[in-house]
$ cat coords-v7.pdb   # PDB, C-alpha atoms and all ligand atoms
MODEL        1
ATOM      1  CA  MET K 670      30.546 104.021 -10.041
ATOM      2  CA  THR K 671      32.511 101.994  -7.545
ATOM      3  CA  ALA K 672      32.591  98.224  -7.379
ATOM      4  CA  ARG K 673      30.913  96.143  -4.704
ATOM      5  CA  ILE K 674      33.608  94.651  -2.471
ATOM      6  CA  LEU K 675      33.252  90.899  -2.015
ATOM      7  CA  ASP K 676      34.337  90.335   1.579
ATOM      8  CA  GLY K 677      36.093  86.965   1.530
ATOM      9  CA  LYS K 678      37.244  87.412   5.093
ATOM     10  CA  ALA K 679      33.640  87.654   6.345
ATOM     11  CA  ILE K 680      32.436  84.778   4.137
ATOM     12  CA  ALA K 681      35.337  82.631   5.385
ATOM     13  CA  ALA K 682      34.487  83.434   9.005
ATOM     14  CA  ARG K 683      30.879  82.284   8.444
ATOM     15  CA  LEU K 684      32.064  79.123   6.686
ATOM     16  CA  ARG K 685      34.468  78.305   9.540
ATOM     17  CA  ALA K 686      31.729  78.907  12.139
ATOM     18  CA  GLY K 687      29.472  76.463  10.282
ATOM     19  CA  LEU K 688      32.262  73.876  10.139
ATOM     20  CA  ALA K 689      32.998  74.335  13.859
ATOM     21  CA  ALA K 690      29.319  73.689  14.664
ATOM     22  CA  ARG K 691      29.389  70.464  12.630
ATOM     23  CA  VAL K 692      32.702  69.305  14.136
ATOM     24  CA  ALA K 693      31.273  69.890  17.622
ATOM     25  CA  THR K 694      28.594  67.247  16.937
ATOM     26  CA  LEU K 695      31.146  64.555  15.978
ATOM     27  CA  SER K 696      32.457  61.849  18.274
ATOM     28  CA  PHE K 697      35.989  62.484  16.938
ATOM     29  CA  GLN K 698      38.179  65.411  15.887
ATOM     30  CA  PRO K 699      38.999  65.531  12.178
ATOM     31  CA  GLY K 700      42.778  65.245  11.914
ATOM     32  CA  LEU K 701      44.862  67.498   9.672
ATOM     33  CA  ARG K 702      48.621  67.308   9.196
ATOM     34  CA  VAL K 703      50.602  69.934   7.308
ATOM     35  CA  VAL K 704      54.070  68.910   6.197
ATOM     36  CA  ARG K 705      56.439  71.817   5.742
ATOM     37  CA  VAL K 706      59.970  71.321   4.404
ATOM     38  CA  GLY K 707      62.358  74.218   4.981
ATOM     39  CA  ASP K 708      61.326  77.833   5.420
ATOM     40  CA  ASP K 709      59.747  79.227   2.276
ATOM     41  CA  PRO K 710      58.490  82.664   3.378
ATOM     42  CA  ALA K 711      55.260  82.441   1.322
ATOM     43  CA  SER K 712      54.290  79.400   3.377
ATOM     44  CA  GLY K 713      54.886  81.024   6.766
ATOM     45  CA  VAL K 714      51.756  83.213   6.940
ATOM     46  CA  TYR K 715      49.651  80.445   5.507
ATOM     47  CA  VAL K 716      50.785  77.825   8.019
ATOM     48  CA  ARG K 717      50.245  80.205  10.959
ATOM     49  CA  ASN K 718      46.750  81.297   9.846
ATOM     50  CA  LYS K 719      45.763  77.720   9.094
ATOM     51  CA  ASP K 720      46.884  76.409  12.487
ATOM     52  CA  ARG K 721      44.830  79.063  14.295
ATOM     53  CA  ALA K 722      41.733  78.533  12.130
ATOM     54  CA  ALA K 723      41.919  74.731  12.511
ATOM     55  CA  ALA K 724      42.248  74.878  16.287
ATOM     56  CA  GLU K 725      39.370  77.380  16.608
ATOM     57  CA  ALA K 726      37.096  75.131  14.541
ATOM     58  CA  GLY K 727      37.871  72.089  16.730
ATOM     59  CA  PHE K 728      40.152  70.212  14.349
ATOM     60  CA  ASP K 729      43.120  68.169  15.548
ATOM     61  CA  SER K 730      45.766  69.975  13.513
ATOM     62  CA  ALA K 731      49.542  69.910  13.611
ATOM     63  CA  THR K 732      52.427  70.993  11.424
ATOM     64  CA  ILE K 733      55.332  68.637  10.824
ATOM     65  CA  HIS K 734      58.331  70.828  10.109
ATOM     66  CA  LEU K 735      61.203  69.051   8.348
ATOM     67  CA  PRO K 736      64.642  70.588   7.687
ATOM     68  CA  ALA K 737      65.386  72.221   4.316
ATOM     69  CA  ASP K 738      67.867  69.423   3.397
ATOM     70  CA  THR K 739      65.295  66.621   3.825
ATOM     71  CA  THR K 740      65.611  64.009   1.065
ATOM     72  CA  GLU K 741      62.724  63.040  -1.177
ATOM     73  CA  ALA K 742      62.831  59.517   0.295
ATOM     74  CA  ALA K 743      62.524  60.894   3.829
ATOM     75  CA  LEU K 744      59.567  63.074   2.864
ATOM     76  CA  LEU K 745      57.850  60.129   1.145
ATOM     77  CA  ALA K 746      58.393  58.056   4.302
ATOM     78  CA  THR K 747      56.724  60.791   6.391
ATOM     79  CA  ILE K 748      53.786  60.889   3.982
ATOM     80  CA  ALA K 749      53.488  57.077   4.101
ATOM     81  CA  ARG K 750      53.325  57.190   7.897
ATOM     82  CA  LEU K 751      50.519  59.800   7.748
ATOM     83  CA  ASN K 752      48.668  57.758   5.089
ATOM     84  CA  ALA K 753      48.702  54.797   7.492
ATOM     85  CA  ASP K 754      47.663  56.788  10.586
ATOM     86  CA  PRO K 755      43.914  56.314  11.212
ATOM     87  CA  ALA K 756      43.719  59.572  13.227
ATOM     88  CA  VAL K 757      44.841  61.563  10.169
ATOM     89  CA  ASP K 758      42.053  62.548   7.762
ATOM     90  CA  GLY K 759      43.853  65.231   5.771
ATOM     91  CA  ILE K 760      47.459  65.663   4.603
ATOM     92  CA  LEU K 761      48.803  68.846   3.048
ATOM     93  CA  VAL K 762      52.360  69.078   1.774
ATOM     94  CA  GLN K 763      53.283  72.764   1.679
ATOM     95  CA  LEU K 764      54.507  73.995  -1.694
ATOM     96  CA  PRO K 765      56.992  75.034  -2.934
ATOM     97  CA  LEU K 766      59.363  72.240  -1.890
ATOM     98  CA  PRO K 767      63.179  72.476  -1.906
ATOM     99  CA  ALA K 768      64.896  71.699  -5.231
ATOM    100  CA  GLN K 769      66.033  68.162  -4.248
ATOM    101  CA  ILE K 770      62.402  67.027  -3.921
ATOM    102  CA  ARG K 771      60.097  66.543  -6.896
ATOM    103  CA  ALA K 772      56.727  68.117  -6.048
ATOM    104  CA  GLU K 773      54.920  65.613  -8.325
ATOM    105  CA  ALA K 774      56.395  62.713  -6.353
ATOM    106  CA  ALA K 775      55.258  64.194  -3.040
ATOM    107  CA  ILE K 776      51.772  64.976  -4.360
ATOM    108  CA  ALA K 777      51.363  61.490  -5.849
ATOM    109  CA  ALA K 778      52.437  59.886  -2.548
ATOM    110  CA  VAL K 779      49.463  61.287  -0.607
ATOM    111  CA  ASP K 780      46.507  58.912  -0.255
ATOM    112  CA  PRO K 781      43.856  60.481  -2.572
ATOM    113  CA  ALA K 782      41.292  60.016   0.235
ATOM    114  CA  LYS K 783      43.434  62.273   2.473
ATOM    115  CA  ASP K 784      44.483  64.713  -0.252
ATOM    116  CA  VAL K 785      42.815  67.836   1.182
ATOM    117  CA  ASP K 786      44.747  70.053  -1.271
ATOM    118  CA  GLY K 787      43.033  68.195  -4.123
ATOM    119  CA  PHE K 788      46.328  68.129  -6.041
ATOM    120  CA  HIS K 789      46.659  64.344  -6.546
ATOM    121  CA  PRO K 790      46.145  63.357 -10.215
ATOM    122  CA  ILE K 791      43.291  61.081  -9.089
ATOM    123  CA  ASN K 792      41.409  64.061  -7.655
ATOM    124  CA  ALA K 793      42.332  66.320 -10.587
ATOM    125  CA  GLY K 794      41.030  63.583 -12.899
ATOM    126  CA  ARG K 795      37.818  63.200 -10.934
ATOM    127  CA  LEU K 796      37.198  66.945 -11.158
ATOM    128  CA  ALA K 797      37.842  66.933 -14.915
ATOM    129  CA  ALA K 798      35.549  63.902 -15.302
ATOM    130  CA  GLY K 799      32.765  65.520 -13.280
ATOM    131  CA  GLN K 800      33.056  62.928 -10.518
ATOM    132  CA  PRO K 801      32.995  63.631  -6.769
ATOM    133  CA  GLY K 802      36.402  64.067  -5.131
ATOM    134  CA  LEU K 803      38.496  66.493  -3.132
ATOM    135  CA  VAL K 804      38.620  69.886  -4.870
ATOM    136  CA  PRO K 805      41.591  72.298  -4.557
ATOM    137  CA  CYS K 806      40.964  74.813  -1.768
ATOM    138  CA  THR K 807      41.486  78.108  -3.595
ATOM    139  CA  PRO K 808      39.148  77.424  -6.546
ATOM    140  CA  ARG K 809      36.614  75.953  -4.124
ATOM    141  CA  GLY K 810      36.852  79.153  -2.069
ATOM    142  CA  VAL K 811      36.294  81.275  -5.159
ATOM    143  CA  MET K 812      33.112  79.331  -5.971
ATOM    144  CA  HIS K 813      31.878  79.925  -2.397
ATOM    145  CA  ILE K 814      32.488  83.680  -2.721
ATOM    146  CA  LEU K 815      30.561  83.805  -6.012
ATOM    147  CA  ALA K 816      27.666  81.745  -4.622
ATOM    148  CA  GLU K 817      27.463  83.676  -1.338
ATOM    149  CA  SER K 818      27.498  86.944  -3.269
ATOM    150  CA  GLY K 819      24.519  85.869  -5.387
ATOM    151  CA  ILE K 820      26.404  85.980  -8.674
ATOM    152  CA  ASP K 821      24.561  84.134 -11.424
ATOM    153  CA  LEU K 822      27.075  82.026 -13.340
ATOM    154  CA  ARG K 823      24.767  80.220 -15.769
ATOM    155  CA  GLY K 824      25.805  81.109 -19.300
ATOM    156  CA  ALA K 825      28.259  83.762 -18.093
ATOM    157  CA  ARG K 826      31.476  84.402 -20.025
ATOM    158  CA  ALA K 827      34.240  83.552 -17.551
ATOM    159  CA  VAL K 828      37.929  84.147 -18.142
ATOM    160  CA  VAL K 829      40.526  82.447 -15.940
ATOM    161  CA  LEU K 830      43.932  84.077 -16.114
ATOM    162  CA  GLY K 831      46.530  81.386 -15.373
ATOM    163  CA  ARG K 832      46.681  77.646 -16.071
ATOM    164  CA  SER K 833      48.399  76.270 -12.964
ATOM    165  CA  GLN K 834      47.505  72.827 -11.641
ATOM    166  CA  ILE K 835      46.649  74.339  -8.257
ATOM    167  CA  VAL K 836      44.373  77.213  -9.274
ATOM    168  CA  GLY K 837      43.819  77.975 -12.977
ATOM    169  CA  ARG K 838      42.911  74.519 -14.283
ATOM    170  CA  PRO K 839      40.653  73.414 -11.423
ATOM    171  CA  MET K 840      39.076  76.901 -11.412
ATOM    172  CA  ALA K 841      38.183  76.489 -15.086
ATOM    173  CA  GLN K 842      36.684  73.046 -14.368
ATOM    174  CA  LEU K 843      34.505  74.380 -11.557
ATOM    175  CA  LEU K 844      33.258  77.355 -13.607
ATOM    176  CA  LEU K 845      32.483  74.999 -16.496
ATOM    177  CA  GLY K 846      30.591  72.780 -14.059
ATOM    178  CA  ALA K 847      28.602  75.867 -13.041
ATOM    179  CA  ASP K 848      27.570  76.433 -16.692
ATOM    180  CA  CYS K 849      29.958  79.272 -17.534
ATOM    181  CA  THR K 850      31.511  79.656 -20.959
ATOM    182  CA  VAL K 851      35.147  79.382 -19.926
ATOM    183  CA  THR K 852      38.303  80.782 -21.492
ATOM    184  CA  VAL K 853      41.696  80.023 -19.948
ATOM    185  CA  ALA K 854      44.222  82.738 -20.800
ATOM    186  CA  HIS K 855      47.933  82.370 -20.004
ATOM    187  CA  SER K 856      51.443  83.587 -20.712
ATOM    188  CA  ARG K 857      51.269  82.485 -24.358
ATOM    189  CA  THR K 858      47.843  83.964 -25.039
ATOM    190  CA  ARG K 859      48.162  86.371 -27.975
ATOM    191  CA  ASP K 860      46.162  89.280 -26.546
ATOM    192  CA  ILE K 861      45.526  88.777 -22.838
ATOM    193  CA  ALA K 862      43.970  92.219 -22.335
ATOM    194  CA  ALA K 863      41.436  91.584 -25.109
ATOM    195  CA  GLU K 864      40.467  88.192 -23.630
ATOM    196  CA  CYS K 865      40.005  89.772 -20.195
ATOM    197  CA  ARG K 866      37.828  92.557 -21.606
ATOM    198  CA  ARG K 867      35.334  89.932 -22.793
ATOM    199  CA  ALA K 868      34.916  88.522 -19.288
ATOM    200  CA  GLU K 869      31.745  88.925 -17.240
ATOM    201  CA  VAL K 870      33.570  86.976 -14.535
ATOM    202  CA  LEU K 871      37.346  87.399 -14.421
ATOM    203  CA  VAL K 872      39.495  85.228 -12.140
ATOM    204  CA  ALA K 873      43.115  86.383 -11.990
ATOM    205  CA  ALA K 874      45.562  83.706 -10.830
ATOM    206  CA  VAL K 875      48.938  84.458 -12.360
ATOM    207  CA  GLY K 876      51.026  85.603  -9.394
ATOM    208  CA  ARG K 877      52.144  88.879 -10.974
ATOM    209  CA  ALA K 878      51.553  92.014  -8.954
ATOM    210  CA  GLU K 879      48.869  94.304 -10.421
ATOM    211  CA  MET K 880      49.152  92.812 -13.906
ATOM    212  CA  VAL K 881      45.448  93.297 -14.679
ATOM    213  CA  ARG K 882      44.868  97.006 -15.363
ATOM    214  CA  GLY K 883      41.587  98.884 -15.122
ATOM    215  CA  ASP K 884      41.202  99.011 -18.899
ATOM    216  CA  TRP K 885      41.385  95.193 -19.093
ATOM    217  CA  ILE K 886      38.090  94.978 -17.242
ATOM    218  CA  ALA K 887      34.629  95.201 -18.779
ATOM    219  CA  PRO K 888      32.317  97.696 -17.049
ATOM    220  CA  GLY K 889      30.320  95.847 -14.396
ATOM    221  CA  ALA K 890      32.419  92.650 -14.495
ATOM    222  CA  VAL K 891      32.925  90.480 -11.413
ATOM    223  CA  VAL K 892      36.656  90.372 -10.645
ATOM    224  CA  VAL K 893      38.152  87.708  -8.390
ATOM    225  CA  ASP K 894      41.783  88.334  -7.466
ATOM    226  CA  VAL K 895      43.601  85.168  -6.415
ATOM    227  CA  GLY K 896      47.089  86.725  -6.396
ATOM    228  CA  ILE K 897      48.912  87.449  -3.156
ATOM    229  CA  ASN K 898      52.113  89.339  -4.031
ATOM    230  CA  ARG K 899      54.462  90.973  -1.539
ATOM    231  CA  LEU K 900      55.987  94.198  -2.893
ATOM    232  CA  ALA K 901      59.480  95.454  -1.984
ATOM    233  CA  ASP K 902      57.909  98.024   0.365
ATOM    234  CA  GLY K 903      56.135  95.212   2.250
ATOM    235  CA  ARG K 904      52.663  95.901   0.858
ATOM    236  CA  LEU K 905      50.509  92.935  -0.134
ATOM    237  CA  VAL K 906      48.817  93.327  -3.522
ATOM    238  CA  GLY K 907      46.860  91.085  -5.855
ATOM    239  CA  ASP K 908      47.192  90.314  -9.551
ATOM    240  CA  VAL K 909      44.734  93.149 -10.221
ATOM    241  CA  ALA K 910      45.450  96.894 -10.026
ATOM    242  CA  TYR K 911      42.820  97.314  -7.343
ATOM    243  CA  ALA K 912      42.302 101.107  -7.333
ATOM    244  CA  GLU K 913      41.854 101.132 -11.117
ATOM    245  CA  ALA K 914      39.575  98.091 -11.091
ATOM    246  CA  LEU K 915      37.335  99.594  -8.390
ATOM    247  CA  THR K 916      36.147 102.305 -10.771
ATOM    248  CA  VAL K 917      35.219  99.856 -13.558
ATOM    249  CA  ALA K 918      34.229  96.489 -12.085
ATOM    250  CA  GLY K 919      30.778  95.642 -10.738
ATOM    251  CA  ALA K 920      32.270  93.615  -7.889
ATOM    252  CA  ILE K 921      35.786  92.722  -6.762
ATOM    253  CA  THR K 922      37.604  90.726  -4.085
ATOM    254  CA  PRO K 923      40.254  92.678  -2.141
ATOM    255  CA  VAL K 924      43.794  91.536  -1.276
ATOM    256  CA  PRO K 925      44.239  90.844   1.572
ATOM    257  CA  GLY K 926      40.826  89.820   2.881
ATOM    258  CA  GLY K 927      39.488  88.193  -0.290
ATOM    259  CA  VAL K 928      40.371  84.758  -1.610
ATOM    260  CA  GLY K 929      43.208  84.014   0.894
ATOM    261  CA  PRO K 930      40.982  83.489   3.937
ATOM    262  CA  MET K 931      38.650  81.326   1.817
ATOM    263  CA  THR K 932      41.551  79.017   0.917
ATOM    264  CA  ILE K 933      42.065  78.285   4.595
ATOM    265  CA  ALA K 934      38.351  77.826   5.326
ATOM    266  CA  CYS K 935      38.080  75.400   2.397
ATOM    267  CA  LEU K 936      41.079  73.436   3.638
ATOM    268  CA  LEU K 937      39.062  72.798   6.798
ATOM    269  CA  GLU K 938      35.956  72.051   4.739
ATOM    270  CA  ASN K 939      37.930  69.485   2.711
ATOM    271  CA  THR K 940      39.352  67.959   5.893
ATOM    272  CA  LEU K 941      35.868  67.537   7.375
ATOM    273  CA  GLU K 942      34.638  66.083   4.078
ATOM    274  CA  ALA K 943      37.562  63.640   3.944
ATOM    275  CA  ALA K 944      36.974  62.655   7.572
ATOM    276  CA  LEU K 945      33.273  61.939   7.024
ATOM    277  CA  ALA K 946      33.994  59.946   3.859
ATOM    278  CA  ARG K 947      36.859  57.950   5.405
ATOM    279  CA  ARG K 948      35.102  57.181   8.661
ATOM    280  CA  GLY K 949      31.800  56.371   6.966
ATOM    281  CA  THR K 950      29.796  58.882   9.013
TER     282      THR K 950
HETATM  283  N1  LIG K1001      50.119  72.649  -0.563
HETATM  284  C1  LIG K1001      49.869  73.943  -0.505
HETATM  285  N2  LIG K1001      48.597  74.377  -0.482
HETATM  286  C2  LIG K1001      48.320  75.714  -0.410
HETATM  287  O1  LIG K1001      47.125  76.091  -0.418
HETATM  288  C3  LIG K1001      49.408  76.646  -0.312
HETATM  289  C4  LIG K1001      50.719  76.127  -0.324
HETATM  290  N3  LIG K1001      50.907  74.804  -0.440
HETATM  291  N4  LIG K1001      51.780  76.961  -0.237
HETATM  292  C5  LIG K1001      51.647  78.373   0.010
HETATM  293  C6  LIG K1001      50.369  78.889  -0.614
HETATM  294  C7  LIG K1001      49.954  80.243  -0.083
HETATM  295  N5  LIG K1001      48.643  80.052   0.497
HETATM  296  C8  LIG K1001      47.932  81.038   1.180
HETATM  297  C9  LIG K1001      46.669  80.824   1.698
HETATM  298  C10 LIG K1001      46.009  81.795   2.421
HETATM  299  C11 LIG K1001      46.595  83.022   2.646
HETATM  300  C12 LIG K1001      45.865  84.036   3.432
HETATM  301  O2  LIG K1001      45.071  83.731   4.299
HETATM  302  N6  LIG K1001      46.101  85.334   3.199
HETATM  303  C13 LIG K1001      45.428  86.382   3.950
HETATM  304  C14 LIG K1001      46.406  87.173   4.787
HETATM  305  C15 LIG K1001      47.747  87.430   4.150
HETATM  306  C16 LIG K1001      48.704  88.244   5.002
HETATM  307  O3  LIG K1001      48.262  88.992   5.888
HETATM  308  O4  LIG K1001      49.912  88.143   4.753
HETATM  309  C17 LIG K1001      44.661  87.248   2.980
HETATM  310  O5  LIG K1001      44.843  87.137   1.764
HETATM  311  O6  LIG K1001      43.837  88.035   3.435
HETATM  312  C18 LIG K1001      47.858  83.273   2.142
HETATM  313  C19 LIG K1001      48.495  82.299   1.400
HETATM  314  C20 LIG K1001      48.297  78.744   0.387
HETATM  315  N7  LIG K1001      49.231  78.019  -0.231
ENDMDL
END

$ encode --input "coords-v7.pdb" --output "structure tokens" --more "lines below"
Ligand SMILES: Nc1nc(=O)c2c([nH]1)NC[C@@H]1CN(c3ccc(C(=O)N[C@@H](CCC(=O)O)C(=O)O)cc3)C=[N+]21
Amino acid sequence: MTARILDGKAIAARLRAGLAARVATLSFQPGLRVVRVGDDPASGVYVRNKDRAAAEAGFDSATIHLPADTTEAALLATIARLNADPAVDGILVQLPLPAQIRAEAAIAAVDPAKDVDGFHPINAGRLAAGQPGLVPCTPRGVMHILAESGIDLRGARAVVLGRSQIVGRPMAQLLLGADCTVTVAHSRTRDIAAECRRAEVLVAAVGRAEMVRGDWIAPGAVVVDVGINRLADGRLVGDVAYAEALTVAGAITPVPGGVGPMTIACLLENTLEAALARRGT
């Protein structure tokens, strides 16, 4: 048996085409600003791909690149200017930030109505409370992949590996909202492999190359690999040992070409959503 490959790249392309068609009907261009401080390599690919995708879909997108020694006060001033700019619908502050800047301070400074990352505590709280708000892009992208692939989540045992504010926690909230029975496993979980083996839907978001082995996966399980890890030899691998998982899982997302492209498509989706909400269209 070999797993069905869930083609995030193709699903993302369809999502972006749909967004482009909607943007083309508007009397304005949704505005997105990405603020990048310094030159974290993990952010480089993302910023490039995002800029291209945004332009192709008709968004007014630009990256504001600040030097690595930017002070927290200077970054907060930049964010305040973008909050006040009526042409800006979405603001994304690239993470990680340099050590002199507190990420929480930067995240909290973004107007929740423009918080297209969905990282502001107001939006995290809305998600946890089951209220409408901006949802983090990667978990939102995962839900799209599952829906587009016809995977029935009602009553399913889902295991989320990782409890980060940007992926694990919001992922668990969304799966719970979709009627899964959700377990969040993490670095202090007593027997991670055993928890994973119980999963009908397994979402790996730990950022450790190929941590999830084939024998952690239940036969036929749906495996979503959120990890994007660069190995010393330059290869890009996920949090799941892909070749091993292929022989056991029922379906799996590849890396690259799985969740990553969905994150970018959902950033645009969030920006359009924020624009429509802000401008009362
Ligand atoms: N505020 C903030 N929000 C983020 O969402 C955010 C961030 N900061 N900092 C950096 C990480 C990283 N990230 C990626 C998204 C898509 C791909 C992506 O499209 N990857 C492709 C290609 C990868 C490649 O070819 O190198 C793929 O997986 O197929 C990669 C990485 C978003 N991040």

$ residues_near_ligand --input "coords-v7.pdb" --ligand "ligand LIG 1001 (chain K)" --cutoff "6 Å" --atoms "only C-alpha atoms and all ligand atoms" --output "ChimeraX atom specification"
/K:711-712,714-715,761-764,786,924-927,929-930,932-933

$ atom_distance --input "coords-v7.pdb" --atom1 "CA of Gly837 (chain K)" --atom2 "CA of Thr807 (chain K)"
9.7 Å

$ residues_near_point --input "coords-v7.pdb" --point "(30.9, 83.8, 5.1)" --cutoff "10 Å" --atoms "only C-alpha atoms" --output "mmCIF file with C-alpha atoms, in the coordinates of the input"
data_model
loop_
_atom_site.group_PDB
_atom_site.id
_atom_site.type_symbol
_atom_site.label_atom_id
_atom_site.label_comp_id
_atom_site.auth_asym_id
_atom_site.auth_seq_id
_atom_site.Cartn_x
_atom_site.Cartn_y
_atom_site.Cartn_z
ATOM 1 C CA ASP K 676 34.337 90.335 1.579
ATOM 2 C CA GLY K 677 36.093 86.965 1.530
ATOM 3 C CA LYS K 678 37.244 87.412 5.093
ATOM 4 C CA ALA K 679 33.640 87.654 6.345
ATOM 5 C CA ILE K 680 32.436 84.778 4.137
ATOM 6 C CA ALA K 681 35.337 82.631 5.385
ATOM 7 C CA ALA K 682 34.487 83.434 9.005
ATOM 8 C CA ARG K 683 30.879 82.284 8.444
ATOM 9 C CA LEU K 684 32.064 79.123 6.686
ATOM 10 C CA ARG K 685 34.468 78.305 9.540
ATOM 11 C CA ALA K 686 31.729 78.907 12.139
ATOM 12 C CA GLY K 687 29.472 76.463 10.282
ATOM 13 C CA HIS K 813 31.878 79.925 -2.397
ATOM 14 C CA ILE K 814 32.488 83.680 -2.721
ATOM 15 C CA GLU K 817 27.463 83.676 -1.338
ATOM 16 C CA SER K 818 27.498 86.944 -3.269
ATOM 17 C CA MET K 931 38.650 81.326 1.817
ATOM 18 C CA ALA K 934 38.351 77.826 5.326
#

$ resolve_selection --input "coords-v7.pdb" --expression "the PyMOL selection byres (((chain K and resi 673) around 7) and not hetatm)" --output "list in words"
Thr671, Ala672, Ile674, Leu675, Gly919, Ala920 and Ile921 of chain K

$ atom_distance --input "coords-v7.pdb" --atom1 "CA of Ile897 (chain K)" --atom2 "CA of Asp738 (chain K)"
27.0 Å

$ atom_distance --input "coords-v7.pdb" --atom1 "CA of Ile748 (chain K)" --atom2 "CA of Val779 (chain K)"
6.3 Å

$ residues_around --input "coords-v7.pdb" --residues "region 876-883 of chain K" --least-positions-apart "5" --cutoff "6 Å" --atoms "only C-alpha atoms" --output "PyMOL selection string"
chain K and resi 896+898+907-910+913-914

$ resolve_selection --input "coords-v7.pdb" --expression "the PyMOL selection byres (((chain K and resi 844) around 10) and not hetatm)" --output "list in words"
Pro808, Val811, Met812, Leu822, Arg823, Ala825, Arg826, Ala827, Val828, Val829, Pro839, Met840, Ala841, Gln842, Leu843, Leu845, Gly846, Ala847, Asp848, Cys849, Thr850, Val851, Thr852 and Val870 of chain K

$ resolve_selection --input "coords-v7.pdb" --expression "the PyMOL selection byres (((chain K and resi 944) around 9) and not hetatm)" --output "ChimeraX atom specification"
/K:698-700,757-759,782-783,939-943,945-950

$ residues_around --input "coords-v7.pdb" --residues "Gln834 (chain K)" --least-positions-apart "2" --cutoff "10 Å" --atoms "all atoms listed in the file" --output "ChimeraX atom specification"
/K:787-790,793,805,831-832,836-840

$ closest_residue --input "coords-v7.pdb" --among "K:Leu915, K:Leu735, K:Val706, K:Ala756" --to "Ala772 (chain K)" --atoms "only C-alpha atoms"
K:Val706

$ residues_around --input "coords-v7.pdb" --residues "Ala689 (chain K)" --least-positions-apart "3" --cutoff "8 Å" --atoms "all atoms listed in the file" --output "PyMOL selection string"
chain K and resi 685-686+692-693+725-727

$ write_last_selection --input "coords-v7.pdb" --atoms "C-alpha atoms" --output "PDB file, in the coordinates of the input"
ATOM      1  CA  ARG K 685      34.468  78.305   9.540  1.00  0.00           C
ATOM      2  CA  ALA K 686      31.729  78.907  12.139  1.00  0.00           C
ATOM      3  CA  VAL K 692      32.702  69.305  14.136  1.00  0.00           C
ATOM      4  CA  ALA K 693      31.273  69.890  17.622  1.00  0.00           C
ATOM      5  CA  GLU K 725      39.370  77.380  16.608  1.00  0.00           C
ATOM      6  CA  ALA K 726      37.096  75.131  14.541  1.00  0.00           C
ATOM      7  CA  GLY K 727      37.871  72.089  16.730  1.00  0.00           C
TER       8      GLY K 727
END

$ closest_residue --input "coords-v7.pdb" --among "K:Ser856, K:Ser696, K:Thr732, K:Asn752" --to "Asp720 (chain K)" --atoms "all atoms listed in the file"
K:Thr732

$ axis_aligned_box --input "coords-v7.pdb" --around "region 863-875 of chain K" --padding-each-side "6 Å" --output "JSON"
{"center_x": 40.3, "center_y": 88.1, "center_z": -18.0, "size_x": 29.2, "size_y": 20.9, "size_z": 26.3}

$ residues_around --input "coords-v7.pdb" --residues "Cys935 (chain K)" --least-positions-apart "6" --cutoff "8 Å" --atoms "only C-alpha atoms" --output "count of residues only"
4

$ residues_around --input "coords-v7.pdb" --residues "region 745-747 of chain K" --least-positions-apart "5" --cutoff "10 Å" --atoms "only C-alpha atoms" --output "list in words"
Val704, Ile733, Leu735, Thr740, Asn752, Ile770, Ala774, Ala775, Ile776, Ala777, Ala778 and Val779 of chain K
